[in-house]
Every structure is written in structure tokens, then in C-alpha cells.
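One structure below.
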Amino acid sequence: MKQTLTALYKLTQFNEHIYFVIVTSLLGLAASKGQFDWRFFILLPANVLVVSFIHMLSYIIDAPGDALSNNIKNPNPISTGLITPGAAKKFTAFIGLLSAILYAIIGTKPLLFGMICLSLGFIYSIRRIQHHQAGVFDISSQCLVFAGFQYLCSYFTYTSGFNRVWFWPFALVISLSFFREDCINPGNLHKTQKSHNQAALQNPGNRFNQIIMIFAVSVSILSTIATFLIINIIPNWTLILVLGLSIIFIIPSLFNVEKGETNQILVKKFQKPLEQAAALSLFLGELLPWLDKLIGTGIFS
């Protein structure tokens with residue numbers, strides 16, 4: 001039983017995406033200018049489950065190739081025998097169905113975007129195995145299924161139409177997802193290809209990758225400035241809390257840096273503390289005023 005639960009937990013990659021999903025969900029709520037309420041406690045599990053579904057589906061599709069690889073950092077629980085392919089498929093289908101039910105509870109538009117995310121995630125998972133190049137569709141799909149649609153599901157939970165500020169936070173989560181999921185590295189999108197293909201796919205120096213990287217960096221900078229400094233959807237005290245917690249959470253990582261580590265490893269070490277700080281700060285930024293309103297203390301009025 002313990003082995004099965006461990007395998008299911010690894011299949012979902014819950015710990016790898018929970019904080020980023022919280023951030024994208026809360027930015028969607030903030031951009032809608034809606035009021036934080038009980039719906040968020042249904043929305044968040046739905047968003048987490050839909051991302052877990054896509055990760056689980058990728059594991060299932062990757063399993064035959066992973067059985068022949070030596071991926072010791074992120075072993076596939078199916079190919080390593082922790083769980084059978086049949087059990088993994090049943091649990092994945094259950095997770096997808098449960099996410100759809102939760103979206104249906106909170107509204108028609110969240111259900112619509114949630115179902116699109118599930119469908120596109122399925123297509124994306126198949127394409128990443130079949131295709132030898134990471135094209136615009138693959139990169140766009142990955143950013144949308146791991147960030148964009150969660151943002152839109154959250155946004156349309158609290159409003160019925162697009163307002164004047166929705167785009168910049170959306171562009172921000174898309175650009176962050178681009179770097180977070182390492183879309184620019186096709187080797188990560190096609191890890192089950194034969195080794196002689198991987199060397200060519202993992203070359204970041206071609207012109208297409210350079211153009212995409214420059215575009216992503218530009219969008220990230222512009223959307224960050226617009227989201228946090230211009231359209232003013234996040235209270236100043238929340239931004240200060242993000243900065244303070246980021247410093248506190250990063251300190252342990254500073255003492256954990258080893259000589260000779262690659263830039264990718266270093267980025268991953270600092271990525272999670274920053275996501276944790278942003279997730280906790282943004283959540284408190286919505287939760288505390290909501291509780292204040294319920295209790296009637298008037299601190300945040």
C-alpha cells in the first residue's frame with residue numbers, strides 16, 4: 001500500500017508544481033478584481049489536478065523509453081516497477097475526471113478552459129514523443145497547459161469577461177512557464193528519443209531558439225513591470241511580503257551551492273524558494289483581507 005501511494009505521488013509530481021499553480025491561480029483572481037471566497041478552495045485543487053494529469057500522462061507515454069534509460073534524478077515510477085501501467089492509467093483517468101467535476105462546480109467558463117487544458121495536454125504529451133523538433137505549437141502548448149489555462153480558469157471563476165488588465169498577468173505566467181518548464185530545451189520535450197538525436201535536439205544555439213529566448217525575456221520583463229508596478233492588482237504590502245519571504249527562503253539555498261554546478265541546477269535551487277515565497281505571500285494577500293471582512297476587525301478596510 002505504501003509503495004502504491006509513493007508511486008502515485010511521484011506520478012503527479014505534486015511537489016514540483018504546487019507552488020507555481022498557486023501563483024498562477026492567485027494572479028488570475030487578482031486580475032479579475034473579484035473577491036476571494038470559498039470558490040478558490042475548489043478552484044485550486046482543480047488546477048493542481050489538471051497539471052498533475054498532464055505530468056502523469058507524460059509518465060505513461062514515456063514509460064517504454066524510460067525503461068531503457070538511466071534517468072536516476074527523476075525516475076519514472078512506471079518503468080521502475082513501483083506501479084503497473086494499468087493502475088497508472090486508471091489513476092490518471094480518475095484525476096482528469098475529478099478535475100473536470102471540480103471545474104463544473106465553480107462555473108461554465110472554468111469548465112470550458114479546464115477541458116481545453118485536459119485535451120491540449122493529451123495532444124501535447126503525444127506530440128512530444130512523436131516529433132523530433134520542438135516547434136511553436138509544442139512550446140505554446142506547454143506554456144498554456146502548465147500555466148495559461150490555470151490562470152484563465154481562475155480569472156473566469158470571478159468574472160464573466162475580459163477587463164483592461166487581464167493580459168499582462170497572463171503574459172507573465174506564460175513567460176515564467178516558458179523558463180520554468182525549460183521549453184527552450186527540446187531535449188526535455190523528447191527525452192525518449194534515441195541518444196544520437198538527443199545531442200542535436202539539446203543544442204540551444206540555433207537561430208530559432210535564440211529568437212524565442214529573446215522574445216520570452218522581453219515579454220517577461222514587460223509583463224513583470226506592468227503587473228506589479230503599473231496596473232496595481234497586487235497590494236504594496238503583499239509585494240513587500242514577497243520580497244521579505246524570498247530573501248528568507250533563499251538563504252538556505254545560498255549555503256547549499258556546490259562548486260561546479262551547472263546554471264540549470266543553480267536556477268532550480270533558487271526557483272522553488274522563490275515560488276514558495278510568492279505563493280505564500282499572494283495567498284496571505286487574499287486570505288487575510290477575506291478573514292478580516294468575515295470577522296469584522298477592519299484591519300484591511
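Here's how to read the names in the C-alpha cells: chain A, B, ... by the order shown, residue numbers from 1 in each chain, ligand numbers from 1 in the order shown.
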Let's see if you can do this: from backbone DSSP, list all helix (DSSP H, G or I) residues in stretch 10-244 of chain A, as a ChimeraX atom specification. /A:10-12,14-32,40-66,85-106,108-130,136-158,167-180,186-189,195-201,207-230,236-244
If we count only C-alpha atoms, what is near stretch 78-88 of chain A at a cut-off of 12 Å, once residues fewer than 5 positions away on the same chain are taken out, given as JSON, numbers by chain? {"A": [1, 2, 3, 4, 5, 6, 7, 8, 9, 10, 11, 12, 53, 55, 56, 57, 58, 59, 60, 61, 62, 63, 64, 65, 66, 67, 68, 69, 70, 71, 72, 93, 94, 95]}
Could you save the residues just selected, with C-alpha atoms, as a PDB file, in the first residue's frame?
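Saved result, selection_4.pdb, follows:
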ATOM      1  CA  MET A   1       0.000   0.000   0.000  1.00  0.00           C
ATOM      2  CA  LYS A   2       2.812   2.389   0.946  1.00  0.00           C
ATOM      3  CA  GLN A   3       4.627   1.626  -2.315  1.00  0.00           C
ATOM      4  CA  THR A   4       1.468   2.343  -4.315  1.00  0.00           C
ATOM      5  CA  LEU A   5       0.898   5.674  -2.568  1.00  0.00           C
ATOM      6  CA  THR A   6       4.535   6.617  -3.119  1.00  0.00           C
ATOM      7  CA  ALA A   7       4.236   5.737  -6.796  1.00  0.00           C
ATOM      8  CA  LEU A   8       1.035   7.765  -7.182  1.00  0.00           C
ATOM      9  CA  TYR A   9       2.664  10.759  -5.504  1.00  0.00           C
ATOM     10  CA  LYS A  10       5.650  10.537  -7.852  1.00  0.00           C
ATOM     11  CA  LEU A  11       3.347  10.221 -10.843  1.00  0.00           C
ATOM     12  CA  THR A  12       1.626  13.518 -10.034  1.00  0.00           C
ATOM     13  CA  PHE A  53      -2.938  14.806 -15.000  1.00  0.00           C
ATOM     14  CA  HIS A  55       2.512  15.032 -15.832  1.00  0.00           C
ATOM     15  CA  MET A  56       1.014  11.597 -15.190  1.00  0.00           C
ATOM     16  CA  LEU A  57       0.048  11.186 -18.827  1.00  0.00           C
ATOM     17  CA  SER A  58       3.591  12.073 -19.856  1.00  0.00           C
ATOM     18  CA  TYR A  59       4.977   9.421 -17.493  1.00  0.00           C
ATOM     19  CA  ILE A  60       2.663   6.798 -19.002  1.00  0.00           C
ATOM     20  CA  ILE A  61       3.671   7.664 -22.555  1.00  0.00           C
ATOM     21  CA  ASP A  62       7.362   7.908 -21.637  1.00  0.00           C
ATOM     22  CA  ALA A  63       7.441   4.617 -19.698  1.00  0.00           C
ATOM     23  CA  PRO A  64       8.647   2.304 -22.521  1.00  0.00           C
ATOM     24  CA  GLY A  65      11.539   4.612 -23.393  1.00  0.00           C
ATOM     25  CA  ASP A  66      12.362   5.381 -19.759  1.00  0.00           C
ATOM     26  CA  ALA A  67      12.740   1.660 -19.075  1.00  0.00           C
ATOM     27  CA  LEU A  68      15.779   1.751 -21.377  1.00  0.00           C
ATOM     28  CA  SER A  69      17.291   4.959 -19.979  1.00  0.00           C
ATOM     29  CA  ASN A  70      19.367   5.729 -16.899  1.00  0.00           C
ATOM     30  CA  ASN A  71      17.404   8.667 -15.542  1.00  0.00           C
ATOM     31  CA  ILE A  72      18.292   8.412 -11.848  1.00  0.00           C
ATOM     32  CA  ALA A  93      -8.210   8.931 -15.742  1.00  0.00           C
ATOM     33  CA  PHE A  94      -9.636   9.425 -12.231  1.00  0.00           C
ATOM     34  CA  ILE A  95      -7.553  12.568 -11.694  1.00  0.00           C
TER      35      ILE A  95
END
Pick from A:Ile139, A:Leu243, A:Leu27, A:Val257, whichever lies nearest to A:Ala171 using only C-alpha atoms: A:Leu27
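Non-sequential neighbours of stretch 96-103 of chain A (distance at most 9 Å, separation of 2 or more positions within a chain, only C-alpha atoms) are A:Ile42, A:Leu43, A:Pro45, A:Ala46, A:Asn47, A:Val48, A:Leu49, A:Val50, A:Ser52, A:Phe53, A:Ile54, A:Phe91, A:Thr92, A:Ala93, A:Phe94, A:Ile105, A:Ile106, A:Gly107, A:Thr108, A:Lys109, A:Pro110, A:Leu111, A:Leu112, A:Phe113, A:Gly114, A:Met115, A:Leu118, A:Cys153.
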Written selection (C-alpha atoms) as a PDB file, in the first residue's frame:
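The file below, part.pdb, is the result:
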ATOM      1  CA  ILE A  42     -12.325  24.293  -5.176  1.00  0.00           C
ATOM      2  CA  LEU A  43     -10.509  26.078  -7.987  1.00  0.00           C
ATOM      3  CA  PRO A  45      -7.385  21.654  -6.302  1.00  0.00           C
ATOM      4  CA  ALA A  46      -8.867  21.600  -9.820  1.00  0.00           C
ATOM      5  CA  ASN A  47      -5.889  23.498 -11.220  1.00  0.00           C
ATOM      6  CA  VAL A  48      -3.412  21.311  -9.353  1.00  0.00           C
ATOM      7  CA  LEU A  49      -5.135  18.146 -10.544  1.00  0.00           C
ATOM      8  CA  VAL A  50      -5.183  19.184 -14.197  1.00  0.00           C
ATOM      9  CA  SER A  52      -0.880  16.556 -12.320  1.00  0.00           C
ATOM     10  CA  PHE A  53      -2.938  14.806 -15.000  1.00  0.00           C
ATOM     11  CA  ILE A  54      -0.621  16.079 -17.743  1.00  0.00           C
ATOM     12  CA  PHE A  91      -5.499   6.726 -11.584  1.00  0.00           C
ATOM     13  CA  THR A  92      -4.687   9.235 -14.317  1.00  0.00           C
ATOM     14  CA  ALA A  93      -8.210   8.931 -15.742  1.00  0.00           C
ATOM     15  CA  PHE A  94      -9.636   9.425 -12.231  1.00  0.00           C
ATOM     16  CA  ILE A 105     -18.861  23.096  -9.671  1.00  0.00           C
ATOM     17  CA  ILE A 106     -17.396  26.592  -9.956  1.00  0.00           C
ATOM     18  CA  GLY A 107     -18.719  27.569 -13.370  1.00  0.00           C
ATOM     19  CA  THR A 108     -19.183  27.029 -17.088  1.00  0.00           C
ATOM     20  CA  LYS A 109     -16.150  29.004 -18.283  1.00  0.00           C
ATOM     21  CA  PRO A 110     -13.718  27.390 -15.819  1.00  0.00           C
ATOM     22  CA  LEU A 111     -15.058  24.020 -17.005  1.00  0.00           C
ATOM     23  CA  LEU A 112     -14.569  25.042 -20.645  1.00  0.00           C
ATOM     24  CA  PHE A 113     -10.962  26.152 -20.181  1.00  0.00           C
ATOM     25  CA  GLY A 114     -10.278  23.174 -17.920  1.00  0.00           C
ATOM     26  CA  MET A 115     -11.490  20.745 -20.577  1.00  0.00           C
ATOM     27  CA  LEU A 118      -7.011  18.463 -20.478  1.00  0.00           C
ATOM     28  CA  CYS A 153      -9.800  29.154 -15.122  1.00  0.00           C
TER      29      CYS A 153
END
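If only C-alpha atoms are the atoms counted, then among A:Pro273, A:Gly121, A:Gly285, A:Gly161 the closest residue to A:Phe146 is A:Gly121.
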How many Å separate atom CA of A:Gln210 from atom CA of A:Tyr124? 22.6 Å
